[in-house]
$ cat structure_4.cif   # mmCIF, C-alpha atoms and all ligand atoms
data_run
#
loop_
_atom_site.label_atom_id
_atom_site.label_comp_id
_atom_site.auth_asym_id
_atom_site.auth_seq_id
_atom_site.Cartn_x
_atom_site.Cartn_y
_atom_site.Cartn_z
CA MET P 1 0.00 0.00 0.00
CA MET P 2 1.25 3.48 -0.94
CA SER P 3 2.30 5.47 2.18
CA LYS P 4 0.64 8.84 2.57
CA GLN P 5 2.59 11.91 1.48
CA LYS P 6 2.43 14.91 3.77
CA VAL P 7 1.37 18.34 2.55
CA MET P 8 1.70 21.13 5.10
CA SER P 9 -0.23 24.36 4.51
CA VAL P 10 1.30 27.31 6.36
CA PHE P 11 -0.58 30.59 6.76
CA GLY P 12 -1.03 33.32 9.33
CA THR P 13 -3.21 36.24 8.29
CA ARG P 14 -6.92 36.66 7.51
CA PRO P 15 -6.65 36.83 3.71
CA GLU P 16 -4.30 33.84 3.50
CA ALA P 17 -6.64 31.83 5.71
CA ILE P 18 -9.72 32.72 3.65
CA LYS P 19 -7.97 31.76 0.43
CA MET P 20 -6.31 28.60 1.82
CA ALA P 21 -9.31 27.28 3.76
CA PRO P 22 -11.17 25.76 0.78
CA LEU P 23 -7.89 24.22 -0.37
CA VAL P 24 -7.25 22.70 3.06
CA GLN P 25 -10.76 21.26 2.94
CA ALA P 26 -10.12 19.82 -0.52
CA LEU P 27 -6.76 18.32 0.53
CA ARG P 28 -8.42 16.65 3.49
CA ARG P 29 -10.63 14.66 1.14
CA LEU P 30 -7.66 13.01 -0.63
CA PRO P 31 -7.01 9.40 0.40
CA HIS P 32 -3.27 9.34 -0.35
CA ILE P 33 -2.33 12.66 1.21
CA GLU P 34 -1.99 13.62 4.86
CA SER P 35 -2.96 17.29 5.10
CA LEU P 36 -1.33 19.25 7.93
CA VAL P 37 -2.05 22.86 8.85
CA CYS P 38 0.46 25.10 10.59
CA VAL P 39 -0.66 28.63 11.42
CA THR P 40 1.84 31.28 12.45
CA GLY P 41 -0.84 33.39 14.12
CA GLN P 42 0.57 36.56 12.50
CA HIS P 43 -3.04 37.63 12.96
CA ARG P 44 -4.67 36.29 16.10
CA ASP P 45 -8.31 37.36 16.26
CA MET P 46 -8.88 37.71 12.53
CA LEU P 47 -7.23 34.37 11.79
CA ASP P 48 -9.29 32.59 14.43
CA GLN P 49 -12.49 34.05 12.93
CA VAL P 50 -11.67 32.32 9.63
CA LEU P 51 -10.60 29.03 11.21
CA ASN P 52 -13.91 28.91 13.07
CA ILE P 53 -16.05 29.54 10.00
CA PHE P 54 -14.25 26.83 7.99
CA SER P 55 -13.97 24.42 10.96
CA ILE P 56 -10.19 24.10 10.65
CA GLN P 57 -8.20 23.04 13.72
CA PRO P 58 -4.52 23.69 13.06
CA ASP P 59 -2.05 20.90 13.84
CA VAL P 60 0.49 23.54 14.89
CA ASP P 61 -0.02 27.14 16.05
CA LEU P 62 3.10 29.30 16.42
CA ASN P 63 1.06 32.14 17.97
CA ILE P 64 3.58 34.83 16.95
CA MET P 65 1.41 37.98 16.94
CA ARG P 66 2.46 40.95 19.06
CA PHE P 67 0.75 44.34 19.45
CA ASP P 68 1.93 46.76 16.70
CA GLN P 69 4.47 44.19 15.45
CA ASP P 70 7.15 44.98 12.89
CA LEU P 71 8.27 43.06 9.82
CA THR P 72 11.51 41.81 11.34
CA SER P 73 9.80 40.23 14.32
CA ILE P 74 7.17 38.50 12.14
CA THR P 75 9.99 37.11 9.98
CA THR P 76 12.28 35.92 12.76
CA ARG P 77 9.50 34.46 14.90
CA THR P 78 8.15 32.53 11.90
CA LEU P 79 11.59 31.22 10.89
CA GLU P 80 12.47 30.19 14.43
CA GLY P 81 9.04 28.71 15.08
CA LEU P 82 8.86 26.71 11.88
CA ALA P 83 12.36 25.20 11.94
CA PRO P 84 11.62 22.52 14.58
CA VAL P 85 8.12 21.92 13.20
CA LEU P 86 9.43 21.13 9.72
CA ALA P 87 12.28 19.05 11.11
CA GLU P 88 9.87 16.96 13.17
CA ARG P 89 6.92 16.62 10.77
CA LYS P 90 8.99 16.32 7.59
CA PRO P 91 6.33 17.34 5.05
CA ASP P 92 6.86 16.36 1.40
CA LEU P 93 5.50 19.71 0.26
CA VAL P 94 4.84 23.06 1.96
CA LEU P 95 2.03 25.26 0.64
CA VAL P 96 2.21 29.02 1.13
CA HIS P 97 -0.10 31.72 -0.11
CA GLY P 98 0.26 35.12 -1.69
CA ASP P 99 2.55 37.81 -0.35
CA THR P 100 2.52 38.18 3.40
CA THR P 101 5.54 38.05 5.69
CA THR P 102 4.28 34.74 7.06
CA SER P 103 4.31 33.35 3.52
CA VAL P 104 7.80 34.44 2.51
CA SER P 105 9.23 33.36 5.88
CA ALA P 106 7.55 29.95 5.64
CA ALA P 107 8.87 29.46 2.09
CA LEU P 108 12.38 30.34 3.30
CA ALA P 109 12.08 28.03 6.32
CA ALA P 110 11.08 25.17 3.99
CA PHE P 111 13.94 25.97 1.60
CA TYR P 112 16.42 25.81 4.48
CA GLN P 113 15.34 22.19 5.03
CA LYS P 114 15.23 21.43 1.26
CA ILE P 115 11.48 20.89 1.38
CA PRO P 116 9.72 21.79 -1.89
CA VAL P 117 7.35 24.77 -1.80
CA ALA P 118 4.11 25.35 -3.69
CA HIS P 119 2.92 28.94 -4.05
CA VAL P 120 -0.81 29.59 -4.22
CA GLU P 121 -1.74 32.94 -5.82
CA ALA P 122 1.55 33.26 -7.67
CA GLY P 123 2.60 35.80 -10.28
CA LEU P 124 0.86 39.01 -9.18
CA ARG P 125 3.13 41.98 -9.82
CA SER P 126 2.95 45.75 -9.41
CA LEU P 127 6.64 46.03 -10.40
CA ASP P 128 7.18 48.63 -7.63
CA PRO P 129 9.09 47.05 -4.74
CA TYR P 130 7.66 49.62 -2.30
CA SER P 131 4.01 49.38 -3.35
CA PRO P 132 2.43 47.34 -2.00
CA TYR P 133 5.09 47.22 0.68
CA PRO P 134 6.42 44.71 1.62
CA GLU P 135 4.09 42.45 -0.36
CA GLU P 136 5.57 43.02 -3.83
CA MET P 137 9.03 41.94 -2.69
CA ASN P 138 7.58 39.08 -0.64
CA ARG P 139 5.87 37.51 -3.64
CA CYS P 140 8.91 37.99 -5.89
CA LEU P 141 11.06 36.18 -3.32
CA ILE P 142 8.53 33.36 -2.96
CA SER P 143 8.61 32.88 -6.75
CA ARG P 144 12.34 32.22 -6.46
CA LEU P 145 11.89 29.77 -3.57
CA ALA P 146 8.93 27.75 -4.91
CA GLN P 147 8.81 24.79 -7.29
CA LEU P 148 5.05 24.87 -7.98
CA HIS P 149 3.37 28.14 -8.91
CA PHE P 150 -0.43 28.35 -8.98
CA ALA P 151 -1.25 31.49 -10.92
CA PRO P 152 -4.82 32.85 -10.68
CA THR P 153 -4.82 34.28 -14.23
CA ALA P 154 -2.96 33.80 -17.52
CA ALA P 155 -1.44 37.27 -17.08
CA ASN P 156 -0.04 36.21 -13.68
CA ALA P 157 1.53 33.13 -15.33
CA ASP P 158 3.02 35.37 -18.04
CA ASN P 159 4.62 37.53 -15.34
CA LEU P 160 6.36 34.44 -13.96
CA ARG P 161 7.53 33.24 -17.38
CA ARG P 162 8.88 36.70 -18.15
CA GLU P 163 11.01 36.43 -14.99
CA ASN P 164 12.23 32.94 -15.99
CA VAL P 165 10.84 31.51 -12.78
CA GLN P 166 11.80 27.83 -12.44
CA GLY P 167 9.34 24.97 -11.86
CA LEU P 168 5.78 24.16 -12.83
CA ILE P 169 3.50 27.12 -13.57
CA SER P 170 -0.20 26.39 -13.71
CA VAL P 171 -3.19 28.72 -14.27
CA THR P 172 -5.84 27.74 -11.74
CA GLY P 173 -8.07 30.73 -10.94
CA ASN P 174 -8.06 32.28 -7.49
CA THR P 175 -9.25 30.20 -4.53
CA VAL P 176 -10.91 33.35 -3.13
CA ILE P 177 -13.75 32.81 -5.59
CA ASP P 178 -14.17 29.23 -4.31
CA ALA P 179 -14.49 30.68 -0.79
CA LEU P 180 -16.80 33.52 -1.86
CA LEU P 181 -19.23 31.29 -3.73
CA SER P 182 -19.52 28.99 -0.73
CA MET P 183 -20.40 31.94 1.55
CA VAL P 184 -22.78 34.22 -0.36
CA HIS P 185 -26.52 33.55 -0.33
CA ASP P 186 -29.19 36.06 -1.36
CA THR P 187 -31.34 34.98 1.60
CA TYR P 188 -28.46 35.12 4.12
CA GLU P 189 -29.43 36.30 7.62
CA PHE P 190 -26.75 38.33 9.38
CA GLN P 191 -25.57 37.22 12.81
CA ARG P 192 -24.48 40.63 14.04
CA ASP P 193 -27.42 42.62 15.42
CA PHE P 194 -26.31 45.83 13.72
CA LEU P 195 -26.40 44.17 10.29
CA ARG P 196 -29.53 42.10 10.95
CA THR P 197 -31.47 45.28 11.68
CA PHE P 198 -29.79 47.47 9.04
CA ASP P 199 -32.22 48.90 6.48
CA PHE P 200 -30.43 48.13 3.22
CA ALA P 201 -33.32 49.58 1.20
CA ALA P 202 -33.12 53.04 2.82
CA GLY P 203 -30.41 54.36 0.48
CA PRO P 204 -26.97 53.63 -0.95
CA MET P 205 -24.43 51.90 1.26
CA ILE P 206 -20.67 51.95 0.70
CA LEU P 207 -18.55 49.18 2.19
CA LEU P 208 -15.15 50.64 3.10
CA THR P 209 -11.91 48.97 4.20
CA ALA P 210 -8.32 50.24 4.41
CA HIS P 211 -5.27 48.79 6.08
CA ARG P 212 -2.19 48.86 3.81
CA ARG P 213 1.20 49.89 5.18
CA GLU P 214 1.82 52.34 2.33
CA ASN P 215 -1.41 54.13 3.34
CA PHE P 216 -0.25 54.74 6.92
CA GLY P 217 0.06 58.46 7.74
CA GLN P 218 -1.37 61.10 5.39
CA PRO P 219 -3.05 58.73 2.87
CA ILE P 220 -5.35 57.16 5.48
CA VAL P 221 -6.23 60.65 6.73
CA ASN P 222 -7.03 61.71 3.14
CA ILE P 223 -9.24 58.63 2.68
CA CYS P 224 -11.13 59.40 5.90
CA ARG P 225 -11.66 63.04 4.95
CA ALA P 226 -13.00 62.14 1.50
CA VAL P 227 -15.45 59.69 3.04
CA ARG P 228 -16.52 62.19 5.69
CA ARG P 229 -17.34 64.76 2.95
CA LEU P 230 -19.31 62.14 1.02
CA VAL P 231 -21.47 61.34 4.03
CA GLN P 232 -21.98 65.02 4.86
CA ASN P 233 -23.04 65.85 1.27
CA HIS P 234 -25.34 62.85 0.70
CA PRO P 235 -28.14 62.73 3.29
CA ASP P 236 -29.25 59.18 2.47
CA LEU P 237 -25.76 57.67 2.15
CA ARG P 238 -24.49 55.18 4.73
CA VAL P 239 -20.90 53.93 4.99
CA ILE P 240 -19.96 50.75 6.85
CA TYR P 241 -16.28 50.43 7.73
CA PRO P 242 -15.02 47.29 9.51
CA VAL P 243 -11.83 48.79 10.89
CA HIS P 244 -8.63 46.71 10.80
CA PRO P 245 -7.21 46.27 14.35
CA ASN P 246 -3.76 47.58 13.39
CA PRO P 247 -3.09 50.56 15.74
CA GLN P 248 -1.60 52.45 12.77
CA ILE P 249 -5.11 52.37 11.24
CA GLN P 250 -7.30 52.45 14.36
CA GLN P 251 -5.82 55.68 15.68
CA PRO P 252 -6.27 57.97 12.60
CA VAL P 253 -9.61 56.42 11.63
CA ARG P 254 -11.11 56.93 15.08
CA GLN P 255 -9.69 60.45 15.24
CA GLU P 256 -11.10 61.46 11.82
CA LEU P 257 -14.39 59.55 11.73
CA ALA P 258 -15.68 58.92 15.26
CA ASP P 259 -19.24 59.93 16.10
CA MET P 260 -20.39 60.64 12.56
CA GLU P 261 -23.99 59.95 11.73
CA ARG P 262 -24.49 57.32 9.00
CA LEU P 263 -20.80 56.36 9.13
CA TYR P 264 -20.46 53.13 11.04
CA LEU P 265 -17.06 52.06 12.33
CA ILE P 266 -17.42 48.41 13.29
CA GLU P 267 -15.20 45.53 14.44
CA PRO P 268 -13.78 43.26 11.71
CA LEU P 269 -16.47 40.92 10.41
CA ASP P 270 -16.14 37.20 10.03
CA VAL P 271 -15.80 36.19 6.41
CA GLN P 272 -19.38 34.99 5.98
CA GLU P 273 -20.81 38.27 7.28
CA MET P 274 -18.32 40.22 5.19
CA HIS P 275 -19.02 38.45 1.91
CA ASN P 276 -22.76 38.80 2.39
CA LEU P 277 -22.45 42.45 3.39
CA MET P 278 -20.49 43.05 0.19
CA ASN P 279 -23.29 41.35 -1.70
CA ARG P 280 -25.77 43.84 -0.18
CA SER P 281 -23.57 46.93 -0.68
CA THR P 282 -23.98 49.55 -3.42
CA PHE P 283 -20.26 49.69 -4.06
CA VAL P 284 -16.92 49.13 -2.37
CA MET P 285 -14.05 51.48 -1.51
CA THR P 286 -10.90 49.66 -0.44
CA ASP P 287 -7.15 49.25 -0.51
CA SER P 288 -7.54 45.49 0.08
CA GLY P 289 -6.31 42.96 -2.44
CA GLY P 290 -8.98 40.38 -1.66
CA LEU P 291 -11.88 42.81 -1.96
CA GLN P 292 -10.67 43.82 -5.43
CA GLU P 293 -11.12 40.19 -6.46
CA GLU P 294 -14.37 39.45 -4.65
CA ALA P 295 -16.50 42.52 -5.38
CA PRO P 296 -16.30 42.23 -9.20
CA ALA P 297 -17.63 38.68 -8.97
CA LEU P 298 -20.67 40.07 -7.14
CA GLY P 299 -21.19 42.90 -9.65
CA LYS P 300 -20.09 45.57 -7.17
CA PRO P 301 -18.05 48.53 -8.47
CA VAL P 302 -14.76 49.02 -6.62
CA LEU P 303 -12.81 52.23 -6.03
CA VAL P 304 -9.25 51.25 -5.18
CA LEU P 305 -7.69 53.51 -2.56
CA ARG P 306 -4.17 53.08 -3.89
CA THR P 307 -2.07 54.52 -6.69
CA GLU P 308 -1.56 51.19 -8.48
CA THR P 309 -2.80 47.61 -8.48
CA GLU P 310 -1.24 44.24 -9.16
CA ARG P 311 -4.75 43.06 -10.07
CA PRO P 312 -5.35 44.84 -13.41
CA GLU P 313 -7.86 42.33 -14.79
CA ALA P 314 -10.98 43.91 -13.28
CA VAL P 315 -9.70 47.41 -14.11
CA VAL P 316 -9.49 46.35 -17.75
CA ALA P 317 -12.98 44.85 -17.47
CA GLY P 318 -14.26 48.20 -16.13
CA THR P 319 -15.49 47.10 -12.68
CA VAL P 320 -12.54 48.47 -10.72
CA GLU P 321 -11.22 52.05 -10.82
CA ILE P 322 -7.99 53.31 -9.25
CA ALA P 323 -9.10 56.28 -7.14
CA GLY P 324 -5.69 57.09 -5.62
CA VAL P 325 -5.03 58.41 -2.13
CA GLU P 326 -5.75 62.15 -2.52
CA GLU P 327 -8.90 63.47 -0.81
CA GLU P 328 -10.35 65.36 -3.79
CA ARG P 329 -9.82 62.57 -6.32
CA ILE P 330 -11.36 59.94 -4.03
CA TYR P 331 -14.30 62.22 -3.32
CA GLN P 332 -14.93 62.90 -7.02
CA ALA P 333 -14.69 59.20 -7.97
CA ALA P 334 -17.23 58.22 -5.32
CA TYR P 335 -19.46 61.23 -6.05
CA ALA P 336 -19.59 60.17 -9.71
CA LEU P 337 -20.61 56.63 -8.77
CA LEU P 338 -23.36 57.95 -6.49
CA THR P 339 -24.81 60.41 -9.01
CA ASP P 340 -24.02 59.15 -12.53
CA LYS P 341 -26.37 56.21 -13.18
CA GLN P 342 -24.73 55.36 -16.50
CA LYS P 343 -21.27 55.17 -14.91
CA PHE P 344 -22.62 53.05 -12.08
CA ARG P 345 -24.35 50.65 -14.46
CA THR P 346 -21.21 50.25 -16.56
CA MET P 347 -19.08 49.45 -13.52
CA ALA P 348 -21.69 47.19 -11.91
CA THR P 349 -21.50 44.53 -14.60
CA ALA P 350 -20.44 41.33 -12.88
CA VAL P 351 -17.13 40.02 -14.17
CA ASN P 352 -15.11 37.15 -12.85
CA PRO P 353 -11.55 37.39 -14.12
CA TYR P 354 -10.22 35.69 -11.00
CA GLY P 355 -11.87 32.31 -11.23
CA ASP P 356 -14.92 30.12 -11.61
CA GLY P 357 -15.00 28.63 -8.11
CA HIS P 358 -13.00 25.53 -9.11
CA ALA P 359 -9.45 26.75 -8.42
CA CYS P 360 -8.95 24.31 -5.53
CA GLU P 361 -9.81 21.30 -7.72
CA ARG P 362 -7.17 22.36 -10.25
CA ILE P 363 -4.54 22.98 -7.57
CA VAL P 364 -5.24 19.65 -5.90
CA ALA P 365 -4.97 17.82 -9.23
CA CYS P 366 -1.56 19.44 -9.88
CA ILE P 367 -0.33 18.56 -6.39
CA GLU P 368 -1.46 14.96 -6.72
CA GLU P 369 0.21 14.62 -10.09
CA TRP P 370 3.42 16.26 -8.85
CA LEU P 371 3.56 14.03 -5.76
CA GLY P 372 2.59 10.97 -7.76
CA THR P 373 -0.43 10.29 -5.57
CA ASP P 374 -2.96 10.48 -8.39
CA GLY P 375 -2.62 6.79 -9.18
CA GLY P 376 -0.57 7.65 -12.24
CA CYS P 377 -3.40 9.17 -14.30
C1 LIG P 401 -0.87 41.86 7.11
C2 LIG P 401 -0.06 41.62 5.83
C3 LIG P 401 -0.73 42.26 4.63
C4 LIG P 401 -2.17 41.83 4.52
C5 LIG P 401 -2.89 42.09 5.84
C6 LIG P 401 -4.30 41.57 5.76
C7 LIG P 401 2.38 41.54 6.06
C8 LIG P 401 3.63 42.31 6.14
N1 LIG P 401 1.25 42.24 5.97
O1 LIG P 401 -0.84 43.26 7.36
O2 LIG P 401 -0.05 41.85 3.44
O3 LIG P 401 -2.79 42.58 3.49
O4 LIG P 401 -2.19 41.42 6.89
O5 LIG P 401 -5.09 42.08 6.77
O6 LIG P 401 2.41 40.33 6.09
N2 LIG P 401 -3.84 42.89 14.88
C9 LIG P 401 -4.65 42.47 15.90
N3 LIG P 401 -5.42 41.36 15.70
C10 LIG P 401 -5.42 40.66 14.54
C11 LIG P 401 -4.59 41.11 13.50
C12 LIG P 401 -3.80 42.22 13.69
O7 LIG P 401 -4.70 43.07 16.96
O8 LIG P 401 -6.14 39.67 14.42
C13 LIG P 401 -3.00 44.09 15.09
C14 LIG P 401 -1.77 43.81 15.95
O9 LIG P 401 -1.48 44.91 16.76
C15 LIG P 401 -0.67 43.64 14.89
C16 LIG P 401 -1.12 44.67 13.89
O10 LIG P 401 -2.53 44.58 13.83
O11 LIG P 401 0.62 43.84 15.40
C17 LIG P 401 -0.54 44.52 12.49
O12 LIG P 401 -0.68 43.21 12.00
P1 LIG P 401 0.29 42.74 10.79
O13 LIG P 401 -0.04 41.36 10.41
O14 LIG P 401 1.70 43.02 11.15
O15 LIG P 401 -0.04 43.76 9.63
P2 LIG P 401 -1.31 43.90 8.72
O16 LIG P 401 -1.47 45.34 8.42
O17 LIG P 401 -2.45 43.17 9.31
N1 LIG P 402 -12.62 40.50 5.27
C1 LIG P 402 -13.35 39.95 6.32
N2 LIG P 402 -13.78 40.77 7.33
C2 LIG P 402 -13.53 42.11 7.33
C3 LIG P 402 -12.76 42.65 6.26
C4 LIG P 402 -12.31 41.82 5.27
O1 LIG P 402 -13.63 38.76 6.33
O2 LIG P 402 -13.96 42.79 8.28
C5 LIG P 402 -12.15 39.61 4.20
C6 LIG P 402 -12.41 40.07 2.79
O3 LIG P 402 -13.69 39.72 2.34
C7 LIG P 402 -11.31 39.35 2.03
C8 LIG P 402 -10.16 39.36 3.02
O4 LIG P 402 -10.73 39.56 4.29
O5 LIG P 402 -11.65 38.00 1.78
C9 LIG P 402 -9.22 40.47 2.67
O6 LIG P 402 -8.37 40.69 3.73
P1 LIG P 402 -7.58 42.02 3.90
O7 LIG P 402 -8.27 43.14 3.21
O8 LIG P 402 -7.30 42.16 5.35
O9 LIG P 402 -6.19 41.68 3.19
P2 LIG P 402 -5.66 41.77 1.68
O10 LIG P 402 -6.57 41.02 0.80
O11 LIG P 402 -5.54 43.22 1.33
O12 LIG P 402 -4.30 41.16 1.77
#
$ encode --input "structure_4.cif" --output "structure tokens" --more "lines below"
Ligand code: UD1
Ligand code: UDP
Amino acid sequence: MMSKQKVMSVFGTRPEAIKMAPLVQALRRLPHIESLVCVTGQHRDMLDQVLNIFSIQPDVDLNIMRFDQDLTSITTRTLEGLAPVLAERKPDLVLVHGDTTTSVSAALAAFYQKIPVAHVEAGLRSLDPYSPYPEEMNRCLISRLAQLHFAPTAANADNLRRENVQGLISVTGNTVIDALLSMVHDTYEFQRDFLRTFDFAAGPMILLTAHRRENFGQPIVNICRAVRRLVQNHPDLRVIYPVHPNPQIQQPVRQELADMERLYLIEPLDVQEMHNLMNRSTFVMTDSGGLQEEAPALGKPVLVLRTETERPEAVVAGTVEIAGVEEERIYQAAYALLTDKQKFRTMATAVNPYGDGHACERIVACIEEWLGTDGGC
């Protein structure tokens, strides 16, 4: 009888967990593979929210998060924490996701023990090493460390080929669409009282998120001021903002936006509440990567609160617009969406450049073939 090969998925933040969870579930169903999960706990509360929703109990939890942590400490704590775990468990393959510091550190830890690495969500590029920072450099480094590269789109795969990245490159779609489609239901009933009693029919509602490191300081203040003006100038507009717990975001957001009528600063939502809230929103304003992928699939226009994006597909399709980080430009972009019906209709066409909800199946098939656990088919 063939002995089981071990695949260890390593992740640590909310977006990695959301995008890896359906893959972990799919790996668990394979008879010839032992699926292990190691979380770094780079995020504590927001990671645990995702693990709960997807019923995933990690085999190992490094629990590295510290208040207001810096990049060096995330890196060193992950490297030091993973070394004995990899030495003891000896996985045949380590899966990492995307571009976080957990991901690049886990890929490096695996490389140090000559364990092959597979990279889920490979090949996104902004080509500016400082934007998004440090994510652009993280994903470039992971591409050098990994042997298997699961690219969400053909353009992502082209980026990797252009860089002469070694190993197997496969276009799979993005697992975030697998997660989204399993969460969104038109008849969904919200758990949180505030959302259960919210009158979605009473007027437009913008879903807002912002957390990126390159938006710390003046950009996040500009974003807040643009949103404040929007609410003041549109009497029926409501804005819901689940605020990221990072103190570098909490402090300016609470200072600029506290106690405003019709502008609701709320705790981070679990992924099911979030996906269904997005489904009920009028449009989305965000600097998040994941939201740029999810909202287009739901036919929700997105204003990106950044100066660039490594996710150009939905911009080309017309659903996503780069609104920048200057107050006036953000205000005008949102004002246009609220008042220009034609513009809104054009942007609200549902497009799905990031996947069809079957990315995990494709990734699992590649892994099985690569490990030789597919029975040779
Ligand atoms: C990280 C990722 C970023 C990703 C984002 C998703 C890096 C360098 N950054 O950034 O790519 O887009 O996650 O949200 O990997 N905190 C809590 N509870 C939590 C999570 C965070 O209190 O559940 C607070 C802590 O004080 C923590 C701080 O937020 O120190 C920052 O967390 P960190 O993971 O370093 O940065 P993010 O901005 O979340
Ligand atoms: N998300 C969530 N609750 C929230 C805000 C976001 O579940 O309160 C989800 C969102 O739908 C997406 C993911 O978290 O799936 C994106 O995470 P984030 O914006 O923190 O990181 P990024 O994608 O920018 O790396």
$ atom_distance --input "structure_4.cif" --atom1 "CA of Ala157 (chain P)" --atom2 "CA of Val96 (chain P)"
17.0 Å
$ axis_aligned_box --input "structure_4.cif" --around "ligand LIG 401 (chain P)" --padding-each-side "5 Å" --output "lines of an AutoDock Vina configuration file"
center_x = -1.3
center_y = 42.5
center_z = 10.2
size_x = 19.8
size_y = 15.7
size_z = 23.5
$ closest_atom_pairs --input "structure_4.cif" --of "region 49-163 of chain P" --to "region 231-251 of chain P" --cutoff "12 Å" --atoms "only C-alpha atoms" --output "JSON lines"
{"residue": "P:Met65", "atom": "CA", "partner": "P:Asn246", "partner_atom": "CA", "distance": 11.5}
{"residue": "P:Arg66", "atom": "CA", "partner": "P:Asn246", "partner_atom": "CA", "distance": 10.7}
{"residue": "P:Phe67", "atom": "CA", "partner": "P:Pro247", "partner_atom": "CA", "distance": 8.2}
{"residue": "P:Asp68", "atom": "CA", "partner": "P:Pro247", "partner_atom": "CA", "distance": 6.4}
{"residue": "P:Gln69", "atom": "CA", "partner": "P:Asn246", "partner_atom": "CA", "distance": 9.1}
{"residue": "P:Asp70", "atom": "CA", "partner": "P:Asn246", "partner_atom": "CA", "distance": 11.2}
$ closest_atom_pairs --input "structure_4.cif" --of "region 79-123 of chain P" --to "region 136-150 of chain P" --cutoff "7 Å" --atoms "only C-alpha atoms" --output "CSV"
residue,atom,partner,partner_atom,distance
P:Gly98,CA,P:Arg139,CA,6.4
P:Asp99,CA,P:Arg139,CA,4.7
P:Thr100,CA,P:Asn138,CA,6.5
P:Thr101,CA,P:Asn138,CA,6.7
P:Val104,CA,P:Asn138,CA,5.6
P:Ala107,CA,P:Ile142,CA,6.4
P:Leu108,CA,P:Leu145,CA,6.9
P:Phe111,CA,P:Leu145,CA,6.7
P:Pro116,CA,P:Gln147,CA,6.2
P:Val117,CA,P:Ala146,CA,4.6
P:Ala118,CA,P:Leu148,CA,4.4
P:His119,CA,P:His149,CA,4.9
P:Val120,CA,P:Phe150,CA,4.9
P:Glu121,CA,P:Phe150,CA,5.7
P:Ala122,CA,P:Phe150,CA,5.5
$ write_last_selection --input "structure_4.cif" --atoms "C-alpha atoms" --output "PDB file, in the coordinates of the input"
ATOM      1  CA  GLY P  98       0.260  35.120  -1.690  1.00  0.00           C
ATOM      2  CA  ASP P  99       2.550  37.810  -0.350  1.00  0.00           C
ATOM      3  CA  THR P 100       2.520  38.180   3.400  1.00  0.00           C
ATOM      4  CA  THR P 101       5.540  38.050   5.690  1.00  0.00           C
ATOM      5  CA  VAL P 104       7.800  34.440   2.510  1.00  0.00           C
ATOM      6  CA  ALA P 107       8.870  29.460   2.090  1.00  0.00           C
ATOM      7  CA  LEU P 108      12.380  30.340   3.300  1.00  0.00           C
ATOM      8  CA  PHE P 111      13.940  25.970   1.600  1.00  0.00           C
ATOM      9  CA  PRO P 116       9.720  21.790  -1.890  1.00  0.00           C
ATOM     10  CA  VAL P 117       7.350  24.770  -1.800  1.00  0.00           C
ATOM     11  CA  ALA P 118       4.110  25.350  -3.690  1.00  0.00           C
ATOM     12  CA  HIS P 119       2.920  28.940  -4.050  1.00  0.00           C
ATOM     13  CA  VAL P 120      -0.810  29.590  -4.220  1.00  0.00           C
ATOM     14  CA  GLU P 121      -1.740  32.940  -5.820  1.00  0.00           C
ATOM     15  CA  ALA P 122       1.550  33.260  -7.670  1.00  0.00           C
TER      16      ALA P 122
END
$ atom_distance --input "structure_4.cif" --atom1 "CA of Ile367 (chain P)" --atom2 "CA of Leu86 (chain P)"
19.0 Å
$ closest_residue --input "structure_4.cif" --among "P:Leu168, P:Met285, P:Leu298, P:Leu269" --to "ligand LIG 401 (chain P)" --atoms "only C-alpha atoms and all ligand atoms"
P:Leu269
$ closest_residue --input "structure_4.cif" --among "P:Ser9, P:Leu95, P:Leu257, P:Leu27" --to "Glu368 (chain P)" --atoms "all atoms listed in the file"
P:Leu27
$ residues_near_point --input "structure_4.cif" --point "(-3.8, 25.3, 19.9)" --cutoff "12 Å" --atoms "only C-alpha atoms" --output "list in words"
Val37, Cys38, Val39, Thr40, Gly41, Arg44, Asp48, Leu51, Ile56, Gln57, Pro58, Asp59, Val60, Asp61, Leu62 and Asn63 of chain P
$ closest_residue --input "structure_4.cif" --among "P:Ala202, P:Leu338, P:Ala21, P:Ala317" --to "ligand LIG 402 (chain P)" --atoms "only C-alpha atoms and all ligand atoms"
P:Ala21
$ closest_residue --input "structure_4.cif" --among "P:Glu361, P:Asp45, P:Glu327, P:Glu80" --to "Pro268 (chain P)" --atoms "all atoms listed in the file"
P:Asp45
$ closest_residue --input "structure_4.cif" --among "P:Leu124, P:Pro84, P:Gly167, P:Glu261" --to "Pro312 (chain P)" --atoms "only C-alpha atoms"
P:Leu124
$ closest_residue --input "structure_4.cif" --among "P:Arg192, P:Arg125, P:Arg225, P:Lys114" --to "Glu328 (chain P)" --atoms "all atoms listed in the file"
P:Arg225
$ atom_distance --input "structure_4.cif" --atom1 "CA of Pro152 (chain P)" --atom2 "atom O3 of ligand LIG 401 (chain P)"
17.3 Å
$ residues_around --input "structure_4.cif" --residues "Thr187 (chain P)" --least-positions-apart "2" --cutoff "12 Å" --atoms "all atoms listed in the file" --output "ChimeraX atom specification"
/P:183-185,189-190,196,276-277,279-280
$ residues_around --input "structure_4.cif" --residues "Leu23 (chain P)" --least-positions-apart "6" --cutoff "9 Å" --atoms "all atoms listed in the file" --output "PyMOL selection string"
chain P and resi 175+178+359-361+363-364
$ residues_around --input "structure_4.cif" --residues "Thr319 (chain P)" --least-positions-apart "4" --cutoff "7 Å" --atoms "all atoms listed in the file" --output "compact mmCIF listing (two decimals) with C-alpha atoms, keeping the file's coordinate frame"
# COMPACT_ATOMS: atom_id res chain seq x y z
CA PRO P 296 -16.30 42.23 -9.20
CA PRO P 301 -18.05 48.53 -8.47
CA VAL P 302 -14.76 49.02 -6.62
CA ALA P 314 -10.98 43.91 -13.28
CA VAL P 315 -9.70 47.41 -14.11
CA MET P 347 -19.08 49.45 -13.52
CA ALA P 348 -21.69 47.19 -11.91
CA THR P 349 -21.50 44.53 -14.60
